[in-house]
Amino acid sequence: MFLRQSAGRVLRKAAEAAAMPARVTVSLLSPHETLVSGEFESVTIPGSAGDFGVLPGHVPVVAELKPGIVSVKSSEKDAENFFVSSGFAFVNADSTADICALEAVKVSELDVDAVRKGLEQAKADANSAADDDAKAAAQVALEVFEAMDAAVKAN
């Protein structure tokens with residue numbers, strides 16, 4: 001009996017592996033719009049525990065996003081980069097990834113001057129915060145603007 005169940009499990013796993021898609025289906029969503037929806041070679045996601053790449057067949061994951069770049073690759077040389085402020089990523093066993101960001105924008109659309117001014121203001125706010133609530137809000141803004149600054153410099 002045990003041997004029969006084990007053989008059945010092995011056959012199911014082999015069938016699942018054989019049915020693995022060649023590409024990962026990615027959706028990048030914000031509350032206002034769908035920025036990406038399609039099949040890609042891979043996607044890189046800025047998780048709070050570190051950046052991670054997703055290929056077809058990736059193990060299921062739920063990850064909190066940190067401010068950073070979501071990079072979707074159509075091919076080895078063709079990638080599109082998006083800045084996300086925060087949110088969650090859901091990687092499913094069927095090679096789909098749903099990335100739900102509070103705010104998201106193409107990195108190429110970020111205004112370099114506005115990012116630098118925002119970073120300066122966030123630093124000033126962090127240094128002058130009077131109470132714990134103001135310090136926490138300033139720290140969040142500072143982390144987002146530092147990540148945006150790094151994104152525009154890398155682009």
# chains A, B, ... in the order shown; residues from 1 in each chain; ligands from 1
>>> closest_atom_pairs(of="region 56-132 of chain A", to="region 26-31 of chain A", cutoff="10 Å", atoms="only C-alpha atoms", output="JSON lines")
{"residue": "A:Val70", "atom": "CA", "partner": "A:Leu28", "partner_atom": "CA", "distance": 8.7}
{"residue": "A:Val72", "atom": "CA", "partner": "A:Val26", "partner_atom": "CA", "distance": 8.1}
{"residue": "A:Phe82", "atom": "CA", "partner": "A:Leu28", "partner_atom": "CA", "distance": 9.1}
{"residue": "A:Val84", "atom": "CA", "partner": "A:Ser30", "partner_atom": "CA", "distance": 9.1}
{"residue": "A:Gly87", "atom": "CA", "partner": "A:Ser30", "partner_atom": "CA", "distance": 9.0}
{"residue": "A:Ala89", "atom": "CA", "partner": "A:Leu28", "partner_atom": "CA", "distance": 9.0}
{"residue": "A:Phe90", "atom": "CA", "partner": "A:Ser27", "partner_atom": "CA", "distance": 9.9}
{"residue": "A:Val91", "atom": "CA", "partner": "A:Val26", "partner_atom": "CA", "distance": 9.2}
{"residue": "A:Ser95", "atom": "CA", "partner": "A:Val26", "partner_atom": "CA", "distance": 8.7}
{"residue": "A:Thr96", "atom": "CA", "partner": "A:Val26", "partner_atom": "CA", "distance": 5.9}
{"residue": "A:Ala97", "atom": "CA", "partner": "A:Val26", "partner_atom": "CA", "distance": 4.9}
{"residue": "A:Asp98", "atom": "CA", "partner": "A:Ser27", "partner_atom": "CA", "distance": 4.9}
{"residue": "A:Ile99", "atom": "CA", "partner": "A:Leu28", "partner_atom": "CA", "distance": 4.7}
{"residue": "A:Cys100", "atom": "CA", "partner": "A:Leu29", "partner_atom": "CA", "distance": 4.9}
{"residue": "A:Ala101", "atom": "CA", "partner": "A:Ser30", "partner_atom": "CA", "distance": 5.0}
{"residue": "A:Leu102", "atom": "CA", "partner": "A:Ser30", "partner_atom": "CA", "distance": 5.6}
{"residue": "A:Glu103", "atom": "CA", "partner": "A:Ser30", "partner_atom": "CA", "distance": 5.9}
{"residue": "A:Ala104", "atom": "CA", "partner": "A:Ser30", "partner_atom": "CA", "distance": 6.3}
{"residue": "A:Val105", "atom": "CA", "partner": "A:Ser30", "partner_atom": "CA", "distance": 9.2}
>>> atom_distance(atom1="CA of His58 (chain A)", atom2="CA of Lys106 (chain A)")
25.0 Å
>>> select_by_dssp(residues="region 9-120 of chain A", states="alpha helix (DSSP H)", output="mmCIF file with N, CA and C atoms, in the first residue's frame")
data_model
loop_
_atom_site.group_PDB
_atom_site.id
_atom_site.type_symbol
_atom_site.label_atom_id
_atom_site.label_comp_id
_atom_site.auth_asym_id
_atom_site.auth_seq_id
_atom_site.Cartn_x
_atom_site.Cartn_y
_atom_site.Cartn_z
ATOM 1 N N ARG A 9 2.642 9.440 -5.919
ATOM 2 C CA ARG A 9 3.166 10.777 -5.609
ATOM 3 C C ARG A 9 4.312 11.143 -6.555
ATOM 4 N N VAL A 10 5.192 10.213 -6.816
ATOM 5 C CA VAL A 10 6.314 10.445 -7.731
ATOM 6 C C VAL A 10 5.798 10.739 -9.139
ATOM 7 N N LEU A 11 4.808 9.991 -9.589
ATOM 8 C CA LEU A 11 4.244 10.220 -10.919
ATOM 9 C C LEU A 11 3.573 11.589 -11.016
ATOM 10 N N ARG A 12 2.866 12.002 -9.959
ATOM 11 C CA ARG A 12 2.232 13.331 -9.962
ATOM 12 C C ARG A 12 3.285 14.433 -10.020
ATOM 13 N N LYS A 13 4.351 14.286 -9.258
ATOM 14 C CA LYS A 13 5.429 15.282 -9.262
ATOM 15 C C LYS A 13 6.087 15.350 -10.641
ATOM 16 N N ALA A 14 6.292 14.217 -11.269
ATOM 17 C CA ALA A 14 6.895 14.193 -12.604
ATOM 18 C C ALA A 14 5.986 14.869 -13.614
ATOM 19 N N ALA A 15 4.682 14.640 -13.513
ATOM 20 C CA ALA A 15 3.726 15.279 -14.421
ATOM 21 C C ALA A 15 3.701 16.789 -14.201
ATOM 22 N N GLU A 16 3.770 17.228 -12.950
ATOM 23 C CA GLU A 16 3.800 18.669 -12.662
ATOM 24 C C GLU A 16 5.051 19.302 -13.238
ATOM 25 N N ALA A 17 6.204 18.641 -13.084
ATOM 26 C CA ALA A 17 7.457 19.178 -13.607
ATOM 27 C C ALA A 17 7.428 19.255 -15.128
ATOM 28 N N ALA A 18 6.845 18.253 -15.760
ATOM 29 C CA ALA A 18 6.767 18.249 -17.220
ATOM 30 C C ALA A 18 5.844 19.351 -17.722
ATOM 31 N N VAL A 112 14.471 63.306 -11.895
ATOM 32 C CA VAL A 112 15.716 63.287 -11.116
ATOM 33 C C VAL A 112 15.770 64.462 -10.146
ATOM 34 N N ASP A 113 15.417 65.660 -10.610
ATOM 35 C CA ASP A 113 15.459 66.838 -9.734
ATOM 36 C C ASP A 113 14.461 66.716 -8.590
ATOM 37 N N ALA A 114 13.259 66.239 -8.876
ATOM 38 C CA ALA A 114 12.244 66.076 -7.829
ATOM 39 C C ALA A 114 12.688 65.034 -6.800
ATOM 40 N N VAL A 115 13.342 63.976 -7.256
ATOM 41 C CA VAL A 115 13.837 62.943 -6.342
ATOM 42 C C VAL A 115 14.908 63.533 -5.429
ATOM 43 N N ARG A 116 15.839 64.284 -5.990
ATOM 44 C CA ARG A 116 16.922 64.878 -5.179
ATOM 45 C C ARG A 116 16.360 65.886 -4.172
ATOM 46 N N LYS A 117 15.403 66.700 -4.587
ATOM 47 C CA LYS A 117 14.774 67.667 -3.672
ATOM 48 C C LYS A 117 14.003 66.937 -2.576
ATOM 49 N N GLY A 118 13.294 65.891 -2.944
ATOM 50 C CA GLY A 118 12.564 65.093 -1.964
ATOM 51 C C GLY A 118 13.500 64.439 -0.957
ATOM 52 N N LEU A 119 14.648 63.966 -1.438
ATOM 53 C CA LEU A 119 15.641 63.347 -0.556
ATOM 54 C C LEU A 119 16.182 64.369 0.435
ATOM 55 N N GLU A 120 16.501 65.561 -0.047
ATOM 56 C CA GLU A 120 16.988 66.619 0.848
ATOM 57 C C GLU A 120 15.936 66.964 1.902
#
>>> atom_distance(atom1="CA of Pro56 (chain A)", atom2="CA of Asn155 (chain A)")
26.3 Å
>>> residues_around(residues="Gln139 (chain A)", least_positions_apart="2", cutoff="10 Å", atoms="only C-alpha atoms", output="ChimeraX atom specification")
/A:122-123,125-127,129,133-137,141-145
>>> atom_distance(atom1="CA of Pro46 (chain A)", atom2="CA of Gly68 (chain A)")
5.6 Å
>>> select_by_dssp(residues="chain A", states="strand (DSSP E or B)", output="PyMOL selection string")
chain A and resi 24-29+34-40+42-47+50-54+61-65+68-73+79-84+87-91+96-101+104-106
>>> closest_residue(among="A:Asn81, A:Pro60, A:Ala130, A:Ala124", to="Asp94 (chain A)", atoms="only C-alpha atoms")
A:Pro60
>>> closest_residue(among="A:Gly50, A:Phe88, A:Val43, A:Ala63", to="Glu76 (chain A)", atoms="only C-alpha atoms")
A:Val43
>>> decode(residues="region 72-88 of chain A", atoms="C-alpha atoms", output="PDB file, in the first residue's frame")
ATOM      1  CA  VAL A  72      10.774  42.289 -15.599  1.00  0.00           C
ATOM      2  CA  LYS A  73      12.876  40.610 -18.270  1.00  0.00           C
ATOM      3  CA  SER A  74      11.418  39.658 -21.637  1.00  0.00           C
ATOM      4  CA  SER A  75      14.782  38.300 -22.734  1.00  0.00           C
ATOM      5  CA  GLU A  76      18.316  38.256 -21.402  1.00  0.00           C
ATOM      6  CA  LYS A  77      18.989  41.751 -22.793  1.00  0.00           C
ATOM      7  CA  ASP A  78      15.517  43.315 -22.629  1.00  0.00           C
ATOM      8  CA  ALA A  79      14.314  44.457 -19.183  1.00  0.00           C
ATOM      9  CA  GLU A  80      11.805  47.013 -17.975  1.00  0.00           C
ATOM     10  CA  ASN A  81      12.333  48.560 -14.540  1.00  0.00           C
ATOM     11  CA  PHE A  82       9.692  49.948 -12.173  1.00  0.00           C
ATOM     12  CA  PHE A  83      10.146  51.719  -8.862  1.00  0.00           C
ATOM     13  CA  VAL A  84       7.837  50.473  -6.096  1.00  0.00           C
ATOM     14  CA  SER A  85       7.420  52.143  -2.715  1.00  0.00           C
ATOM     15  CA  SER A  86       5.953  49.235  -0.745  1.00  0.00           C
ATOM     16  CA  GLY A  87       3.408  46.435  -0.968  1.00  0.00           C
ATOM     17  CA  PHE A  88       3.378  42.658  -1.274  1.00  0.00           C
TER      18      PHE A  88
END
